file work.cif (mmCIF, C-alpha atoms and all ligand atoms)
data_entry
#
loop_
_atom_site.label_atom_id
_atom_site.label_comp_id
_atom_site.auth_asym_id
_atom_site.auth_seq_id
_atom_site.Cartn_x
_atom_site.Cartn_y
_atom_site.Cartn_z
CA MET A 1075 64.60 111.58 137.50
CA SER A 1076 62.74 108.27 137.19
CA LYS A 1077 63.87 105.43 139.52
CA ASP A 1078 64.46 103.07 136.60
CA ILE A 1079 67.25 104.09 134.26
CA TYR A 1080 67.43 102.08 131.05
CA ILE A 1081 70.32 102.87 128.68
CA LEU A 1082 70.56 101.47 125.17
CA GLY A 1083 74.19 101.27 123.96
CA ILE A 1084 75.13 101.07 120.28
CA GLU A 1085 78.59 100.12 118.94
CA SER A 1086 79.54 100.16 115.25
CA SER A 1087 83.11 101.50 115.11
CA CYS A 1088 84.69 98.68 113.11
CA ASP A 1089 83.32 95.27 112.05
CA ASP A 1090 80.98 94.35 114.91
CA THR A 1091 77.42 95.63 115.09
CA SER A 1092 76.34 95.55 118.71
CA ALA A 1093 73.54 96.76 120.97
CA ALA A 1094 73.12 96.37 124.74
CA VAL A 1095 70.70 97.41 127.46
CA ILE A 1096 71.71 98.41 130.99
CA HIS A 1097 69.16 98.85 133.79
CA ASN A 1098 70.27 100.90 136.81
CA GLY A 1099 73.90 99.95 136.08
CA GLU A 1100 73.22 96.23 135.50
CA LEU A 1101 73.54 94.59 132.11
CA LEU A 1102 70.32 93.03 130.79
CA SER A 1103 71.40 92.20 127.23
CA ASN A 1104 74.40 92.42 124.91
CA VAL A 1105 73.97 91.36 121.29
CA VAL A 1106 76.95 91.27 118.90
CA ALA A 1107 76.74 90.54 115.16
CA SER A 1108 80.28 89.90 113.90
CA GLN A 1109 80.92 90.36 110.20
CA LYS A 1110 82.35 87.24 108.56
CA VAL A 1111 82.54 88.97 105.16
CA HIS A 1112 86.08 90.27 105.88
CA GLU A 1113 87.70 86.88 106.50
CA GLU A 1114 88.52 86.19 102.85
CA TYR A 1115 90.28 89.56 102.51
CA GLY A 1116 92.60 89.13 105.51
CA GLY A 1117 91.44 92.40 107.09
CA VAL A 1118 88.45 94.70 107.48
CA VAL A 1119 87.20 96.21 104.20
CA PRO A 1120 85.63 99.55 105.26
CA GLU A 1121 83.00 99.72 102.51
CA LEU A 1122 81.80 96.17 103.22
CA ALA A 1123 81.77 96.90 106.96
CA SER A 1124 79.42 99.87 106.62
CA ARG A 1125 77.06 97.92 104.35
CA ALA A 1126 76.94 95.04 106.85
CA HIS A 1127 76.22 97.49 109.70
CA GLN A 1128 73.26 98.81 107.66
CA GLN A 1129 71.85 95.30 107.40
CA ASN A 1130 72.52 94.38 111.04
CA ILE A 1131 71.67 97.47 113.05
CA VAL A 1132 67.85 97.16 113.18
CA PRO A 1133 67.68 93.41 114.03
CA VAL A 1134 70.53 93.76 116.56
CA VAL A 1135 68.84 96.63 118.43
CA ASP A 1136 65.48 94.85 118.26
CA THR A 1137 67.00 91.66 119.73
CA ALA A 1138 68.80 93.59 122.48
CA LEU A 1139 65.54 95.22 123.58
CA LYS A 1140 63.63 91.92 123.43
CA ARG A 1141 66.29 90.07 125.45
CA ALA A 1142 66.20 92.87 128.01
CA GLY A 1143 62.43 92.43 128.17
CA ILE A 1144 61.66 96.09 127.55
CA GLY A 1145 60.07 98.21 124.86
CA PRO A 1146 61.72 101.30 123.31
CA GLU A 1147 59.35 103.59 125.25
CA GLN A 1148 61.01 102.49 128.53
CA LEU A 1149 64.47 103.73 127.46
CA SER A 1150 65.95 106.70 129.34
CA ALA A 1151 68.71 107.51 126.80
CA VAL A 1152 70.64 106.16 123.83
CA ALA A 1153 74.45 105.96 124.11
CA PHE A 1154 76.55 105.45 120.99
CA THR A 1155 80.19 105.11 119.95
CA ARG A 1156 81.18 108.43 118.45
CA GLY A 1157 84.79 107.45 117.59
CA PRO A 1158 87.52 106.59 116.98
CA GLY A 1159 86.80 104.08 114.23
CA LEU A 1160 86.02 103.69 110.55
CA MET A 1161 84.02 106.66 109.27
CA GLY A 1162 81.50 104.63 107.24
CA SER A 1163 80.95 102.19 110.11
CA LEU A 1164 80.54 104.90 112.75
CA LEU A 1165 78.08 106.81 110.57
CA VAL A 1166 75.65 103.89 110.56
CA GLY A 1167 75.51 103.47 114.35
CA VAL A 1168 75.61 107.19 115.12
CA SER A 1169 72.88 108.07 112.61
CA PHE A 1170 70.66 105.25 113.85
CA ALA A 1171 71.22 106.25 117.50
CA LYS A 1172 70.43 109.90 116.83
CA GLY A 1173 67.27 109.09 114.87
CA PHE A 1174 66.09 106.56 117.47
CA ALA A 1175 66.69 108.92 120.41
CA ARG A 1176 65.01 111.80 118.61
CA SER A 1177 61.95 109.70 117.71
CA LEU A 1178 61.61 108.68 121.39
CA ASN A 1179 62.35 112.23 122.58
CA ILE A 1180 65.08 111.03 124.98
CA PRO A 1181 68.69 112.26 125.49
CA MET A 1182 71.67 111.10 123.41
CA ILE A 1183 75.03 110.26 124.97
CA GLU A 1184 78.24 110.14 122.93
CA VAL A 1185 80.88 107.65 124.04
CA ASN A 1186 84.56 107.39 123.18
CA HIS A 1187 85.27 103.83 122.04
CA LEU A 1188 88.60 103.62 123.91
CA GLN A 1189 87.05 104.91 127.11
CA GLY A 1190 84.36 102.26 126.55
CA HIS A 1191 86.97 99.46 126.48
CA ILE A 1192 88.33 100.67 129.83
CA MET A 1193 84.83 101.05 131.30
CA ALA A 1194 84.19 97.36 130.46
CA HIS A 1195 85.69 96.76 133.90
CA PHE A 1196 82.59 98.34 135.44
CA ILE A 1197 80.00 96.14 133.69
CA ARG A 1198 77.85 94.37 136.28
CA LYS A 1199 75.37 91.57 135.67
CA PRO A 1200 72.29 91.14 137.88
CA GLY A 1201 73.07 88.87 140.84
CA GLU A 1202 76.78 88.53 139.98
CA TYR A 1203 79.67 89.87 142.05
CA SER A 1204 82.27 91.81 140.04
CA ASP A 1205 85.56 93.12 141.39
CA THR A 1206 85.68 96.62 139.88
CA PRO A 1207 88.96 98.58 140.02
CA GLU A 1208 89.46 101.35 142.56
CA PHE A 1209 90.71 104.70 141.25
CA PRO A 1210 93.38 105.55 140.27
CA PHE A 1211 94.47 102.56 138.21
CA LEU A 1212 96.53 101.99 135.06
CA CYS A 1213 94.97 100.31 132.05
CA LEU A 1214 96.86 98.64 129.22
CA LEU A 1215 94.51 99.15 126.28
CA VAL A 1216 95.46 96.79 123.47
CA SER A 1217 93.32 96.27 120.38
CA GLY A 1218 93.58 96.06 116.61
CA GLY A 1219 93.88 99.83 116.33
CA ASN A 1220 95.48 100.93 119.62
CA SER A 1221 98.16 100.10 122.16
CA GLN A 1222 98.09 102.56 125.05
CA ILE A 1223 98.87 102.91 128.72
CA VAL A 1224 96.12 104.97 130.30
CA LYS A 1225 95.99 106.44 133.80
CA VAL A 1226 92.37 106.23 134.93
CA GLU A 1227 91.55 108.72 137.67
CA SER A 1228 87.75 108.44 137.55
CA HIS A 1229 84.98 107.28 135.22
CA LYS A 1230 85.49 110.51 133.30
CA LYS A 1231 89.12 111.50 133.83
CA MET A 1232 91.61 109.45 131.85
CA GLU A 1233 95.09 110.37 130.68
CA ILE A 1234 97.10 108.60 127.97
CA LEU A 1235 100.63 108.10 129.38
CA GLY A 1236 101.94 106.40 126.26
CA GLN A 1237 100.76 104.91 122.99
CA THR A 1238 101.98 103.28 119.83
CA ILE A 1239 103.78 105.54 117.39
CA ASP A 1240 102.96 103.23 114.46
CA ASP A 1241 101.11 99.88 114.51
CA ALA A 1242 99.02 98.42 117.32
CA ALA A 1243 99.78 95.08 119.00
CA GLY A 1244 96.66 93.46 117.49
CA GLU A 1245 97.56 94.75 114.05
CA ALA A 1246 101.03 93.18 114.38
CA MET A 1247 99.37 89.84 115.25
CA ASP A 1248 96.96 90.15 112.32
CA LYS A 1249 99.68 91.08 109.80
CA CYS A 1250 102.10 88.36 110.92
CA SER A 1251 99.24 85.85 110.71
CA LYS A 1252 98.58 86.99 107.15
CA VAL A 1253 102.29 86.66 106.24
CA MET A 1254 102.18 83.04 107.46
CA GLY A 1255 99.08 82.41 105.33
CA PHE A 1256 96.68 82.05 108.27
CA GLY A 1257 93.24 83.64 108.55
CA TYR A 1258 91.82 86.86 109.93
CA PRO A 1259 91.71 87.96 112.67
CA GLY A 1260 95.16 86.56 113.37
CA GLY A 1261 95.28 87.11 117.14
CA PRO A 1262 93.09 84.15 118.16
CA ILE A 1263 94.85 81.84 115.63
CA ILE A 1264 98.31 82.82 116.91
CA ASP A 1265 97.08 82.39 120.48
CA ARG A 1266 95.83 78.85 119.76
CA LEU A 1267 98.99 77.72 117.93
CA ALA A 1268 101.31 79.39 120.46
CA ARG A 1269 100.00 77.11 123.22
CA LYS A 1270 101.71 74.13 121.52
CA GLY A 1271 104.98 75.91 120.68
CA ASN A 1272 108.29 76.82 122.30
CA SER A 1273 108.37 80.59 122.84
CA LYS A 1274 112.19 80.64 122.98
CA SER A 1275 112.66 79.10 119.50
CA PHE A 1276 113.02 82.36 117.58
CA THR A 1277 114.09 85.92 118.37
CA PHE A 1278 112.59 88.97 116.71
CA SER A 1279 113.61 92.60 117.03
CA LYS A 1280 112.22 94.75 119.84
CA PRO A 1281 111.81 98.53 119.73
CA ASN A 1282 113.96 100.91 121.69
CA ILE A 1283 111.96 104.12 122.04
CA PRO A 1284 111.76 106.50 124.99
CA GLY A 1285 108.93 106.99 127.49
CA TYR A 1286 105.85 104.82 127.66
CA ASN A 1287 105.27 104.74 123.91
CA TYR A 1288 105.11 101.57 121.86
CA SER A 1289 106.19 100.59 118.36
CA PHE A 1290 105.39 97.36 116.53
CA SER A 1291 106.34 98.14 112.92
CA GLY A 1292 109.99 97.01 113.40
CA LEU A 1293 108.87 93.69 114.85
CA LYS A 1294 106.51 93.17 111.91
CA THR A 1295 109.32 93.83 109.40
CA SER A 1296 111.78 91.63 111.30
CA PHE A 1297 109.21 88.80 111.32
CA LEU A 1298 108.60 89.19 107.58
CA TYR A 1299 112.30 89.32 106.57
CA ASN A 1300 113.34 86.42 108.78
CA LEU A 1301 110.50 84.31 107.49
CA ARG A 1302 111.39 85.11 103.90
CA ASP A 1303 114.97 83.86 104.44
CA TRP A 1304 113.87 80.71 106.24
CA VAL A 1305 111.29 79.86 103.57
CA LYS A 1306 113.96 80.31 100.88
CA ASP A 1307 115.94 77.46 102.50
CA ASP A 1308 112.92 75.33 103.35
CA PRO A 1309 109.65 75.98 101.45
CA ASP A 1310 107.72 74.09 104.17
CA PHE A 1311 109.31 76.09 106.99
CA ILE A 1312 106.07 77.70 108.15
CA GLU A 1313 104.17 74.40 108.26
CA HIS A 1314 107.02 72.71 110.17
CA HIS A 1315 107.47 75.54 112.68
CA LYS A 1316 104.10 77.27 112.95
CA GLU A 1317 103.62 76.58 116.67
CA ASP A 1318 107.12 77.80 117.59
CA LEU A 1319 106.79 80.86 115.33
CA CYS A 1320 103.49 81.84 116.97
CA ALA A 1321 104.78 81.20 120.50
CA SER A 1322 107.94 83.27 119.86
CA LEU A 1323 105.98 86.11 118.25
CA GLU A 1324 103.45 86.17 121.09
CA ARG A 1325 106.23 86.17 123.72
CA THR A 1326 107.96 89.10 121.97
CA ILE A 1327 104.73 91.17 121.82
CA VAL A 1328 103.88 90.42 125.45
CA GLU A 1329 107.42 91.35 126.59
CA ILE A 1330 107.24 94.67 124.71
CA LEU A 1331 103.85 95.48 126.27
CA MET A 1332 104.79 94.49 129.84
CA LYS A 1333 108.15 96.30 129.91
CA LYS A 1334 106.57 99.75 129.44
CA LEU A 1335 103.68 98.89 131.73
CA ARG A 1336 106.11 97.90 134.53
CA GLN A 1337 107.92 101.20 134.07
CA ALA A 1338 104.67 103.19 134.21
CA ALA A 1339 103.56 101.33 137.36
CA LYS A 1340 106.92 102.00 139.00
CA ASP A 1341 107.03 105.70 138.07
CA THR A 1342 103.42 106.46 139.05
CA GLY A 1343 103.46 104.23 142.14
CA ILE A 1344 100.13 102.74 141.01
CA SER A 1345 99.82 98.99 141.47
CA ARG A 1346 96.19 98.48 140.42
CA ILE A 1347 96.62 97.41 136.80
CA ALA A 1348 93.88 96.55 134.29
CA VAL A 1349 93.96 95.30 130.72
CA ALA A 1350 91.34 95.95 128.05
CA GLY A 1351 90.70 95.65 124.29
CA GLY A 1352 90.69 92.69 121.88
CA VAL A 1353 94.27 91.59 122.57
CA SER A 1354 93.46 91.26 126.29
CA ALA A 1355 91.88 87.92 125.29
CA ASN A 1356 95.41 86.63 124.62
CA THR A 1357 96.46 83.73 126.86
CA GLY A 1358 100.14 84.75 127.03
CA LEU A 1359 99.25 88.32 128.01
CA ARG A 1360 96.79 87.11 130.68
CA GLU A 1361 99.48 84.81 132.09
CA ALA A 1362 101.97 87.71 132.14
CA PHE A 1363 99.45 89.77 134.13
CA GLN A 1364 99.05 86.96 136.69
CA ASP A 1365 102.82 86.55 136.86
CA HIS A 1366 103.32 90.30 137.46
CA ALA A 1367 100.61 90.24 140.12
CA ARG A 1368 102.69 87.68 142.04
CA ARG A 1369 106.12 89.24 141.39
CA PHE A 1370 105.26 92.92 141.87
CA ARG A 1371 102.20 92.60 144.15
CA TRP A 1372 99.99 94.18 141.53
CA LYS A 1373 96.22 93.92 141.90
CA VAL A 1374 95.27 92.97 138.35
CA TYR A 1375 91.92 93.28 136.56
CA ILE A 1376 91.35 91.06 133.53
CA PRO A 1377 87.96 91.37 131.79
CA PRO A 1378 85.73 88.37 130.91
CA PHE A 1379 86.34 87.23 127.31
CA SER A 1380 82.98 88.57 126.09
CA TYR A 1381 83.98 92.15 126.98
CA THR A 1382 87.48 92.09 125.44
CA THR A 1383 86.53 92.58 121.79
CA ASP A 1384 84.13 95.25 120.54
CA ASN A 1385 80.73 95.16 122.28
CA ALA A 1386 77.92 97.55 123.16
CA ALA A 1387 77.79 96.53 126.85
CA MET A 1388 80.85 98.73 127.47
CA ILE A 1389 79.19 101.61 125.57
CA ALA A 1390 75.94 101.28 127.54
CA CYS A 1391 77.97 101.08 130.78
CA THR A 1392 79.88 104.28 129.97
CA GLY A 1393 76.57 105.84 128.90
CA TYR A 1394 75.04 104.97 132.26
CA PHE A 1395 77.72 106.87 134.20
CA LYS A 1396 77.39 109.81 131.81
CA PHE A 1397 73.62 109.72 132.29
CA LEU A 1398 74.07 110.06 136.06
CA ASP A 1399 76.18 113.19 135.34
CA ARG A 1400 73.51 114.46 132.89
CA ASP A 1401 76.32 114.51 130.31
CA PHE A 1402 74.22 114.52 127.13
CA CYS A 1403 75.10 115.62 123.59
CA GLN A 1404 73.29 117.48 120.85
CA ILE A 1405 71.98 115.94 117.65
CA ASP A 1406 74.63 117.68 115.53
CA VAL A 1407 77.62 116.14 117.39
CA PRO A 1408 80.10 114.97 114.71
CA ILE A 1409 81.93 111.63 114.63
CA TYR A 1410 85.73 111.37 114.74
CA SER A 1411 88.01 108.69 113.31
CA ASN A 1412 91.29 109.47 115.05
CA THR A 1413 92.64 108.24 118.39
CA ARG A 1414 91.87 110.38 121.42
CA LEU A 1415 90.45 109.93 124.88
O1 LIG B 1501 89.20 95.53 120.45
P1 LIG B 1501 89.05 94.81 119.16
O2 LIG B 1501 87.92 93.82 119.05
O3 LIG B 1501 88.86 95.77 117.96
C1 LIG B 1501 89.48 96.99 117.84
O4 LIG B 1501 88.86 97.97 118.33
O5 LIG B 1501 90.58 96.98 117.27
O6 LIG B 1501 90.44 94.08 118.88
C2 LIG B 1501 90.66 93.29 117.76
C3 LIG B 1501 92.09 92.76 117.83
C4 LIG B 1501 92.52 92.03 116.57
O7 LIG B 1501 93.76 92.51 116.16
C5 LIG B 1501 92.61 90.57 117.02
O8 LIG B 1501 93.56 89.83 116.30
C6 LIG B 1501 93.01 90.74 118.46
O9 LIG B 1501 92.24 91.82 118.92
N1 LIG B 1501 92.71 89.55 119.26
C7 LIG B 1501 93.68 88.79 119.84
C8 LIG B 1501 93.01 87.72 120.47
N2 LIG B 1501 91.67 87.85 120.25
C9 LIG B 1501 91.51 89.00 119.51
N3 LIG B 1501 95.00 88.96 119.88
C10 LIG B 1501 95.70 88.04 120.55
N4 LIG B 1501 95.16 86.95 121.16
C11 LIG B 1501 93.83 86.77 121.15
N5 LIG B 1501 93.28 85.70 121.76
#

call {"tool": "encode", "arguments": {"input": "work.cif", "output": "structure tokens"}}
result
Amino acid sequence: MSKDIYILGIESSCDDTSAAVIHNGELLSNVVASQKVHEEYGGVVPELASRAHQQNIVPVVDTALKRAGIGPEQLSAVAFTRGPGLMGSLLVGVSFAKGFARSLNIPMIEVNHLQGHIMAHFIRKPGEYSDTPEFPFLCLLVSGGNSQIVKVESHKKMEILGQTIDDAAGEAMDKCSKVMGFGYPGGPIIDRLARKGNSKSFTFSKPNIPGYNYSFSGLKTSFLYNLRDWVKDDPDFIEHHKEDLCASLERTIVEILMKKLRQAAKDTGISRIAVAGGVSANTGLREAFQDHARRFRWKVYIPPFSYTTDNAAMIACTGYFKFLDRDFCQIDVPIYSNTRL
């Protein structure tokens, strides 16, 4: 095996086209092209997403290689997100990755997107110290499509202890934002407004389901119905109370997430706790993690903002560990859209 291992990572599971290069485990470049086209629709439009990936993929990969200061012939392997995600979006990245690897006659590495989010905790930059979690640890994986508690035993061995039975936490944020007439994605908007509000102003319903599973559909409905009643009495209700509404909604979501996580930590006896996925950018959730670290002596791992939402650095990082295991895939490996680890 050559001394220098260069992995190109490609991510295209939803509405971000991204490419990254990792050299011997250290990140050299991470380029993300976010698709603005979905903003006016209040959510990702799958057909538009795949078209945008088609336009972005070549310039994004080219820029990632240039920023890394290498040519394609120096690559050792191409890692790509195989799923879960939107079929049309995945197809663009996967097809490009397969064709590129084949043309360079180098191995292909398939990566699970959810595993990638967790592996973001192992991204290292040249010359920078990073506090990577020791195994085993628990990871709260919260994004627009998933809310899971995962027990991470090694880079490869991960077990889902619980997950949402309906909507994801990020989806609840996005839908409630839409109901209030705000933009997409709703999470960052709610986060910003919540900082100026009183989180105890309103109460919304919380789920009562067994085990470590989550549910956010009841909260979404309760938010919608309450709002409808309040707006009937005062048409300007949302404008007058937007900060308090956002703060109360955020508090409710964070409380739901942390309650199950506390239970899982207690039952497994694991006190190294990480958070990953787009919603891990949320200020209230990050504060709750710090608070739990103090109260329950947890050692918490919170990723830098740039690795919370979809990015190829986490795919290249996972690909690097798989490369060391010679865990390659064949050209006919199919994509998958459903949730699995
Ligand atoms: O991981 P991600 O980029 O994409 C998926 O794979 O789903 O997560 C996107 C989700 C969206 O629902 C977005 O509203 C949410 O992450 N999000 C946030 C914040 N930033 C992004 N939610 C709450 N607070 C934030 N600051």

call {"tool": "residues_around", "arguments": {"input": "work.cif", "residues": "Ile1409 of chain A", "least_positions_apart": "5", "cutoff": "8 Å", "atoms": "all atoms listed in the file", "output": "list in words"}}
result
Arg1156, Gly1157, Pro1158, Met1161, Leu1164, Leu1165 and Val1168 of chain A

call {"tool": "write_last_selection", "arguments": {"input": "work.cif", "atoms": "C-alpha atoms", "output": "PDB file, keeping the file's coordinate frame"}}
result
ATOM      1  CA  ARG A1156      81.180 108.430 118.450  1.00  0.00           C
ATOM      2  CA  GLY A1157      84.790 107.450 117.590  1.00  0.00           C
ATOM      3  CA  PRO A1158      87.520 106.590 116.980  1.00  0.00           C
ATOM      4  CA  MET A1161      84.020 106.660 109.270  1.00  0.00           C
ATOM      5  CA  LEU A1164      80.540 104.900 112.750  1.00  0.00           C
ATOM      6  CA  LEU A1165      78.080 106.810 110.570  1.00  0.00           C
ATOM      7  CA  VAL A1168      75.610 107.190 115.120  1.00  0.00           C
TER       8      VAL A1168
END

call {"tool": "closest_atom_pairs", "arguments": {"input": "work.cif", "of": "chain A", "to": "ligand LIG 1501 (chain B)", "cutoff": "6 Å", "atoms": "only C-alpha atoms and all ligand atoms", "output": "JSON lines"}}
result
{"residue": "A:Ser1217", "atom": "CA", "partner": "B:LIG1501", "partner_atom": "O6", "distance": 3.9}
{"residue": "A:Gly1218", "atom": "CA", "partner": "B:LIG1501", "partner_atom": "O5", "distance": 3.2}
{"residue": "A:Gly1219", "atom": "CA", "partner": "B:LIG1501", "partner_atom": "O5", "distance": 4.5}
{"residue": "A:Gly1244", "atom": "CA", "partner": "B:LIG1501", "partner_atom": "O7", "distance": 3.3}
{"residue": "A:Glu1245", "atom": "CA", "partner": "B:LIG1501", "partner_atom": "O7", "distance": 4.9}
{"residue": "A:Met1247", "atom": "CA", "partner": "B:LIG1501", "partner_atom": "O8", "distance": 5.9}
{"residue": "A:Asp1248", "atom": "CA", "partner": "B:LIG1501", "partner_atom": "O8", "distance": 5.2}
{"residue": "A:Pro1259", "atom": "CA", "partner": "B:LIG1501", "partner_atom": "O8", "distance": 4.5}
{"residue": "A:Gly1260", "atom": "CA", "partner": "B:LIG1501", "partner_atom": "O8", "distance": 4.7}
{"residue": "A:Gly1261", "atom": "CA", "partner": "B:LIG1501", "partner_atom": "N3", "distance": 3.3}
{"residue": "A:Pro1262", "atom": "CA", "partner": "B:LIG1501", "partner_atom": "N5", "distance": 3.9}
{"residue": "A:Asp1265", "atom": "CA", "partner": "B:LIG1501", "partner_atom": "N4", "distance": 5.0}
{"residue": "A:Gly1351", "atom": "CA", "partner": "B:LIG1501", "partner_atom": "O1", "distance": 4.1}
{"residue": "A:Gly1352", "atom": "CA", "partner": "B:LIG1501", "partner_atom": "O6", "distance": 3.3}
{"residue": "A:Val1353", "atom": "CA", "partner": "B:LIG1501", "partner_atom": "N3", "distance": 3.8}
{"residue": "A:Ala1355", "atom": "CA", "partner": "B:LIG1501", "partner_atom": "N5", "distance": 4.4}
{"residue": "A:Asn1356", "atom": "CA", "partner": "B:LIG1501", "partner_atom": "N4", "distance": 3.5}
{"residue": "A:Thr1383", "atom": "CA", "partner": "B:LIG1501", "partner_atom": "O2", "distance": 3.3}
{"residue": "A:Asp1384", "atom": "CA", "partner": "B:LIG1501", "partner_atom": "O2", "distance": 4.3}

call {"tool": "atom_distance", "arguments": {"input": "work.cif", "atom1": "atom CA of Ala1348 of chain A", "atom2": "atom CA of Cys1320 of chain A"}}
result
24.7 Å

call {"tool": "closest_residue", "arguments": {"input": "work.cif", "among": "A:Lys1280, A:Lys1231, A:Lys1306, A:Lys1373", "to": "Ala1339 of chain A", "atoms": "only C-alpha atoms"}}
result
A:Lys1373

call {"tool": "closest_atom_pairs", "arguments": {"input": "work.cif", "of": "segment 1213-1259 of chain A", "to": "segment 1099-1114 of chain A", "cutoff": "12 Å", "atoms": "all atoms listed in the file", "output": "tab-separated table"}}
result
residue	atom	partner	partner_atom	distance
A:Asp1248	CA	A:Glu1113	CA	11.4
A:Lys1252	CA	A:Glu1113	CA	10.9
A:Gly1255	CA	A:Glu1114	CA	11.5
A:Phe1256	CA	A:Glu1113	CA	10.3
A:Gly1257	CA	A:Glu1113	CA	6.7
A:Tyr1258	CA	A:Glu1113	CA	5.4
A:Pro1259	CA	A:Glu1113	CA	7.4

call {"tool": "atom_distance", "arguments": {"input": "work.cif", "atom1": "atom CA of Met1193 of chain A", "atom2": "atom CA of His1229 of chain A"}}
result
7.4 Å

call {"tool": "closest_residue", "arguments": {"input": "work.cif", "among": "A:Lys1199, A:Lys1294, A:Lys1140, A:Lys1230", "to": "Gly1393 of chain A", "atoms": "all atoms listed in the file"}}
result
A:Lys1230

call {"tool": "closest_residue", "arguments": {"input": "work.cif", "among": "A:Lys1316, A:Lys1077, A:His1366, A:Arg1360", "to": "Lys1333 of chain A", "atoms": "all atoms listed in the file"}}
result
A:His1366

call {"tool": "atom_distance", "arguments": {"input": "work.cif", "atom1": "atom CA of Trp1304 of chain A", "atom2": "atom CA of Ile1264 of chain A"}}
result
19.0 Å

call {"tool": "closest_residue", "arguments": {"input": "work.cif", "among": "A:Ile1344, A:Ile1330, A:Val1253, A:Leu1293", "to": "Val1305 of chain A", "atoms": "only C-alpha atoms"}}
result
A:Val1253

call {"tool": "residues_around", "arguments": {"input": "work.cif", "residues": "His1127 of chain A", "least_positions_apart": "3", "cutoff": "10 Å", "atoms": "all atoms listed in the file", "output": "JSON, numbers by chain"}}
result
{"A": [1085, 1086, 1087, 1088, 1089, 1090, 1091, 1092, 1107, 1108, 1109, 1122, 1123, 1124, 1130, 1131, 1132, 1134, 1162, 1163, 1164, 1165, 1166, 1167]}

call {"tool": "closest_residue", "arguments": {"input": "work.cif", "among": "A:Asp1406, A:Met1388, A:Met1232, A:Ile1081", "to": "His1191 of chain A", "atoms": "only C-alpha atoms"}}
result
A:Met1388

call {"tool": "closest_residue", "arguments": {"input": "work.cif", "among": "A:Glu1233, A:Ala1094, A:Tyr1115, A:Asn1287", "to": "Gly1143 of chain A", "atoms": "only C-alpha atoms"}}
result
A:Ala1094

call {"tool": "axis_aligned_box", "arguments": {"input": "work.cif", "around": "segment 1235-1246 of chain A", "padding_each_side": "3 Å", "output": "AutoDock Vina command-line options"}}
result
--center_x 100.2 --center_y 100.6 --center_z 121.7 --size_x 13.1 --size_y 20.9 --size_z 21.3

call {"tool": "residues_around", "arguments": {"input": "work.cif", "residues": "Arg1269 of chain A", "least_positions_apart": "3", "cutoff": "12 Å", "atoms": "all atoms listed in the file", "output": "list in words"}}
result
Pro1262, Ile1263, Ile1264, Asp1265, Arg1266, Asn1272, Ser1273, Lys1316, Glu1317, Asp1318, Leu1319, Cys1320, Ala1321, Ser1322, Leu1323, Glu1324, Arg1325, Asn1356, Thr1357, Gly1358 and Glu1361 of chain A

call {"tool": "residues_near_point", "arguments": {"input": "work.cif", "point": "(86.2, 93.2, 142.5)", "cutoff": "10 Å", "atoms": "only C-alpha atoms", "output": "PDB file with C-alpha atoms, keeping the file's coordinate frame"}}
result
ATOM      1  CA  HIS A1195      85.690  96.760 133.900  1.00  0.00           C
ATOM      2  CA  PHE A1196      82.590  98.340 135.440  1.00  0.00           C
ATOM      3  CA  TYR A1203      79.670  89.870 142.050  1.00  0.00           C
ATOM      4  CA  SER A1204      82.270  91.810 140.040  1.00  0.00           C
ATOM      5  CA  ASP A1205      85.560  93.120 141.390  1.00  0.00           C
ATOM      6  CA  THR A1206      85.680  96.620 139.880  1.00  0.00           C
ATOM      7  CA  PRO A1207      88.960  98.580 140.020  1.00  0.00           C
ATOM      8  CA  GLU A1208      89.460 101.350 142.560  1.00  0.00           C
ATOM      9  CA  VAL A1374      95.270  92.970 138.350  1.00  0.00           C
ATOM     10  CA  TYR A1375      91.920  93.280 136.560  1.00  0.00           C
TER      11      TYR A1375
END
